[in-house]
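Visitor: The structure's right below; bear with me while I get my questions together.
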Amino acid sequence: MNRLTRSTFVLAATLALSAPAVAEEATPALKDVFADDFRIGVALGEHQILGREPGVLGLVARQFNAVTAENVMKWAELQPVEGDYDWAAADAMVDFAADHEMRVTGHTLLWHQQTPDWVFEDADGNPVSREQLLERLENHIHAVVGRYKDRVRSWDVVNEAVNDDGSMRDTPWYRILGEDYVTEAFRIAAEADPTATLLYNDYSLFLPAKRNGVVRLMKKVQAAGVKVDGVGLQGHYGLGHPEDMQDLADSIAAFAGLGLKSSITELDIAVLPFPSPDHFGADLNVNMALNEQYNPYTEGLPADVAAQQAARYRQVFEVLLAHADDVERVTFWGVHDGHSWKNGWPMAGRTDYPLLFDRQLQPKAAFWSVVGLKGVTPAE
Ligand code: G3I
């Protein structure tokens, strides 16, 4: 048992055994429970945005006051071919959010994943020039941010530019533009919408070396006189990591020291075993064939494992509440366990249980564990 206090575990175990199936309207709303602390958001898949999953949008409207597009606002989805934009799904999410007074985070303007090959190639298929790549980046950001100006109030401007050791990730952006591509992206985004909240987003930012790498990078952006408002700590955690929640607290404090608010932008806590520590983050370049020894809960989530997860979520929220002045938002990377990237990464075809709502849209022990921190308990 990793650093869990016994009382926390016992409480969580009690919740796990007694997590009641309550009517949705009787379930406390996360956005209300934490209204004095930070916004509570959720990532939506395209099928959910388009209303193709019964019950989901109703639950989202009741529970959350912020939304992020899991995929439909990525470059490959918005501009798959140069100059041809597909706005339909992104428009639908922005409209849904407006109808329910939810804050939208645009995810993401610049990433090395889900970016079409044409972006980095010239007409002959050779690496594009620095000037042409900057022009393409400028065109994309102005088209996207410009379209949603005043409707999308925060943007993940740059996603995952730093390695776990704090060095710059070797991507086409880095190779063609150099390290200053990060500053350029923020400069362009601020030009496109000077009032939007601009975030740098990455995973495993509890790691001291990675934290220090991002601090260095953010200082460079600030030194260039370019606007950056916050850091997105994605929050893809497990039952054993972060090993020490003080590391998470230290990262929030370090970013606050730069005048940057923290948001937990993609929170989930996987319960499945990780084949190796290489899989603690979210490096999609890693993926493995299914091995059933790492897929132990195909028949359901055992109560003792649910209790461990509930205790871990409680630990995370204890840190966030203790630093609420420096935390702007907590967004879950999915509505329920049945639609989570963790069912497919780092190993395809697994059955994970990383979120607060189960596959039947019911609140889990983890849900009651986090709202319990604000004195909210299941109705008798
Ligand atoms: O939309 C295409 C569809 O047209 C095509 O037929 C299908 C089969 O190839 O692929 C579809 O795109 C998939 C997309 O999800 C939408 O479903 C991509 O292949 C698939 O790789 C993509 O996975 C997403 C992943 O990012 C890569 O973009 C996951 O759903 C999403 O949860 C995950 O989220 C990332 C964050 O953006 C950044 N932080 C890490 C996090 C987890 O990896």
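If you're wondering about the labels, chains in the structure tokens are A, B, ... by order shown, residues count from 1 in each chain, ligands from 1 in order shown.
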Please find the residues contacting ligand 1 at a distance of at most 6 Å between atoms, with only C-alpha atoms and all ligand atoms counted, and report them as a list of chain:residue names.

Guide: A:Glu70, A:Asn71, A:Gln114, A:Ala282, A:Leu284, A:Trp341

Visitor: Export all heavy atoms of the chosen residues as a PDB file, in the first residue's frame?

Guide:
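Just written: out01.pdb:
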ATOM      1  N   GLU A  70     -11.712  15.961 -26.348  1.00  0.00           N
ATOM      2  CA  GLU A  70     -10.657  14.943 -26.248  1.00  0.00           C
ATOM      3  C   GLU A  70      -9.828  14.895 -27.526  1.00  0.00           C
ATOM      4  O   GLU A  70      -8.617  14.753 -27.490  1.00  0.00           O
ATOM      5  CB  GLU A  70     -11.286  13.572 -25.991  1.00  0.00           C
ATOM      6  CG  GLU A  70     -10.268  12.462 -25.825  1.00  0.00           C
ATOM      7  CD  GLU A  70     -10.916  11.102 -25.609  1.00  0.00           C
ATOM      8  OE1 GLU A  70     -12.104  10.928 -25.949  1.00  0.00           O
ATOM      9  OE2 GLU A  70     -10.215  10.218 -25.098  1.00  0.00           O
ATOM     10  N   ASN A  71     -10.515  15.060 -28.682  1.00  0.00           N
ATOM     11  CA  ASN A  71      -9.807  14.954 -29.962  1.00  0.00           C
ATOM     12  C   ASN A  71     -10.240  15.941 -31.034  1.00  0.00           C
ATOM     13  O   ASN A  71      -9.444  16.264 -31.915  1.00  0.00           O
ATOM     14  CB  ASN A  71      -9.993  13.538 -30.530  1.00  0.00           C
ATOM     15  CG  ASN A  71      -9.252  12.505 -29.713  1.00  0.00           C
ATOM     16  OD1 ASN A  71      -8.022  12.545 -29.619  1.00  0.00           O
ATOM     17  ND2 ASN A  71      -9.973  11.600 -29.072  1.00  0.00           N
ATOM     18  N   GLN A 114      -1.044  13.605 -33.671  1.00  0.00           N
ATOM     19  CA  GLN A 114      -2.301  14.042 -34.314  1.00  0.00           C
ATOM     20  C   GLN A 114      -2.111  15.328 -35.096  1.00  0.00           C
ATOM     21  O   GLN A 114      -3.000  16.181 -35.130  1.00  0.00           O
ATOM     22  CB  GLN A 114      -3.408  14.224 -33.265  1.00  0.00           C
ATOM     23  CG  GLN A 114      -3.832  12.970 -32.542  1.00  0.00           C
ATOM     24  CD  GLN A 114      -4.400  11.872 -33.447  1.00  0.00           C
ATOM     25  OE1 GLN A 114      -3.677  10.948 -33.746  1.00  0.00           O
ATOM     26  NE2 GLN A 114      -5.640  11.981 -33.881  1.00  0.00           N
ATOM     27  N   ALA A 282       2.241   9.407 -20.639  1.00  0.00           N
ATOM     28  CA  ALA A 282       1.259   9.330 -21.730  1.00  0.00           C
ATOM     29  C   ALA A 282       1.975   9.418 -23.058  1.00  0.00           C
ATOM     30  O   ALA A 282       1.473  10.035 -23.999  1.00  0.00           O
ATOM     31  CB  ALA A 282       0.237  10.460 -21.598  1.00  0.00           C
ATOM     32  N   LEU A 284       2.521   8.386 -26.300  1.00  0.00           N
ATOM     33  CA  LEU A 284       1.776   7.501 -27.208  1.00  0.00           C
ATOM     34  C   LEU A 284       2.674   6.742 -28.162  1.00  0.00           C
ATOM     35  O   LEU A 284       2.214   5.856 -28.867  1.00  0.00           O
ATOM     36  CB  LEU A 284       0.741   8.331 -27.973  1.00  0.00           C
ATOM     37  CG  LEU A 284      -0.401   8.877 -27.108  1.00  0.00           C
ATOM     38  CD1 LEU A 284      -1.282   9.796 -27.919  1.00  0.00           C
ATOM     39  CD2 LEU A 284      -1.210   7.763 -26.489  1.00  0.00           C
ATOM     40  N   TRP A 341      -9.106   6.537 -22.694  1.00  0.00           N
ATOM     41  CA  TRP A 341      -7.936   6.125 -23.495  1.00  0.00           C
ATOM     42  C   TRP A 341      -7.162   5.025 -22.787  1.00  0.00           C
ATOM     43  O   TRP A 341      -6.465   4.234 -23.399  1.00  0.00           O
ATOM     44  CB  TRP A 341      -7.030   7.327 -23.769  1.00  0.00           C
ATOM     45  CG  TRP A 341      -6.249   7.771 -22.558  1.00  0.00           C
ATOM     46  CD1 TRP A 341      -6.755   8.321 -21.408  1.00  0.00           C
ATOM     47  CD2 TRP A 341      -4.839   7.671 -22.364  1.00  0.00           C
ATOM     48  NE1 TRP A 341      -5.760   8.563 -20.515  1.00  0.00           N
ATOM     49  CE2 TRP A 341      -4.564   8.189 -21.076  1.00  0.00           C
ATOM     50  CE3 TRP A 341      -3.773   7.226 -23.140  1.00  0.00           C
ATOM     51  CZ2 TRP A 341      -3.273   8.259 -20.542  1.00  0.00           C
ATOM     52  CZ3 TRP A 341      -2.492   7.279 -22.648  1.00  0.00           C
ATOM     53  CH2 TRP A 341      -2.254   7.790 -21.351  1.00  0.00           C
TER      54      TRP A 341
END

Visitor: From a DSSP pass on the backbone, collect the residues of range 1-247 of chain A flagged as strand (DSSP E) and hand them back as an NGL selection string.

Guide: :A and (39-44 or 66-69 or 103-110 or 154-159 or 197-202 or 230-233 or 236-238)

Visitor: Could you check which of A:His336, A:Lys364, A:Lys149, A:His323 is closest to Gln308 in chain A, using only C-alpha atoms?

Guide: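 Under the stated criterion, the closest residue is A:Lys364.
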
Visitor: Pull the helix (DSSP H, G or I) assignments for range 55-123 of chain A out of DSSP run on the backbone, and list those residues as a PDB file with C-alpha atoms, in the first residue's frame.

Guide:
ATOM      1  CA  VAL A  56     -23.818  11.185 -21.171  1.00  0.00           C
ATOM      2  CA  LEU A  57     -24.567  14.809 -22.079  1.00  0.00           C
ATOM      3  CA  GLY A  58     -27.214  15.009 -19.343  1.00  0.00           C
ATOM      4  CA  LEU A  59     -24.713  13.762 -16.772  1.00  0.00           C
ATOM      5  CA  VAL A  60     -22.056  16.165 -18.123  1.00  0.00           C
ATOM      6  CA  ALA A  61     -24.410  19.162 -17.901  1.00  0.00           C
ATOM      7  CA  ARG A  62     -25.307  18.261 -14.309  1.00  0.00           C
ATOM      8  CA  GLN A  63     -21.828  17.471 -13.036  1.00  0.00           C
ATOM      9  CA  TRP A  75      -4.882  19.729 -35.835  1.00  0.00           C
ATOM     10  CA  ALA A  76      -5.518  16.410 -37.639  1.00  0.00           C
ATOM     11  CA  GLU A  77      -9.240  16.687 -36.906  1.00  0.00           C
ATOM     12  CA  LEU A  78      -9.649  20.404 -37.667  1.00  0.00           C
ATOM     13  CA  ALA A  88     -18.606  20.568 -37.279  1.00  0.00           C
ATOM     14  CA  ALA A  89     -17.754  18.586 -34.153  1.00  0.00           C
ATOM     15  CA  ALA A  90     -15.812  21.430 -32.534  1.00  0.00           C
ATOM     16  CA  ASP A  91     -18.701  23.814 -33.222  1.00  0.00           C
ATOM     17  CA  ALA A  92     -21.111  21.314 -31.654  1.00  0.00           C
ATOM     18  CA  MET A  93     -19.056  21.131 -28.468  1.00  0.00           C
ATOM     19  CA  VAL A  94     -18.690  24.910 -28.210  1.00  0.00           C
ATOM     20  CA  ASP A  95     -22.465  25.288 -28.731  1.00  0.00           C
ATOM     21  CA  PHE A  96     -23.217  22.639 -26.074  1.00  0.00           C
ATOM     22  CA  ALA A  97     -20.879  24.388 -23.648  1.00  0.00           C
ATOM     23  CA  ALA A  98     -22.481  27.774 -24.306  1.00  0.00           C
ATOM     24  CA  ASP A  99     -25.957  26.306 -23.732  1.00  0.00           C
ATOM     25  CA  ASP A 117       2.257  14.878 -42.181  1.00  0.00           C
ATOM     26  CA  TRP A 118       1.634  17.723 -44.690  1.00  0.00           C
ATOM     27  CA  VAL A 119       2.370  20.270 -41.964  1.00  0.00           C
ATOM     28  CA  PHE A 120       6.034  19.266 -41.890  1.00  0.00           C
TER      29      PHE A 120
END

Visitor: What lies within 8 Å of Phe34 in chain A using only C-alpha atoms, ignoring chain neighbours under 5 positions off, as a ChimeraX atom specification?

Guide: /A:39-40,374

Visitor: Please save N, CA and C atoms of the selected residues as a PDB file, in the first residue's frame.

Guide:
ATOM      1  N   ARG A  39     -12.898  25.084 -10.979  1.00  0.00           N
ATOM      2  CA  ARG A  39     -13.849  24.501 -11.920  1.00  0.00           C
ATOM      3  C   ARG A  39     -13.572  23.005 -12.034  1.00  0.00           C
ATOM      4  N   ILE A  40     -14.642  22.252 -12.328  1.00  0.00           N
ATOM      5  CA  ILE A  40     -14.500  20.807 -12.553  1.00  0.00           C
ATOM      6  C   ILE A  40     -14.921  20.535 -13.992  1.00  0.00           C
ATOM      7  N   LYS A 374     -15.358  17.470   1.088  1.00  0.00           N
ATOM      8  CA  LYS A 374     -16.133  18.698   1.317  1.00  0.00           C
ATOM      9  C   LYS A 374     -17.357  18.407   2.185  1.00  0.00           C
TER      10      LYS A 374
END

Visitor: Quick one: pull the distance between CA of Phe186 in chain A and CA of Tyr85 in chain A, Å, one decimal.

Guide: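 According to the coordinates, CA of Phe186 in chain A and CA of Tyr85 in chain A are separated by 21.7 Å.
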
Visitor: I want to know what sits within 7 Å of Thr351 in chain A, based on only C-alpha atoms, with residues of the same chain fewer than 3 positions away left out; could you give that as a list in words?

Guide: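 The filter keeps Asn295, Tyr297, Thr298 and Asn343 of chain A.
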
Visitor: Between CA of Ala224 in chain A and CA of Arg175 in chain A, what distance in Å does the model show, to one decimal?

Guide: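 For CA of Ala224 in chain A relative to CA of Arg175 in chain A, the distance reads 20.6 Å.
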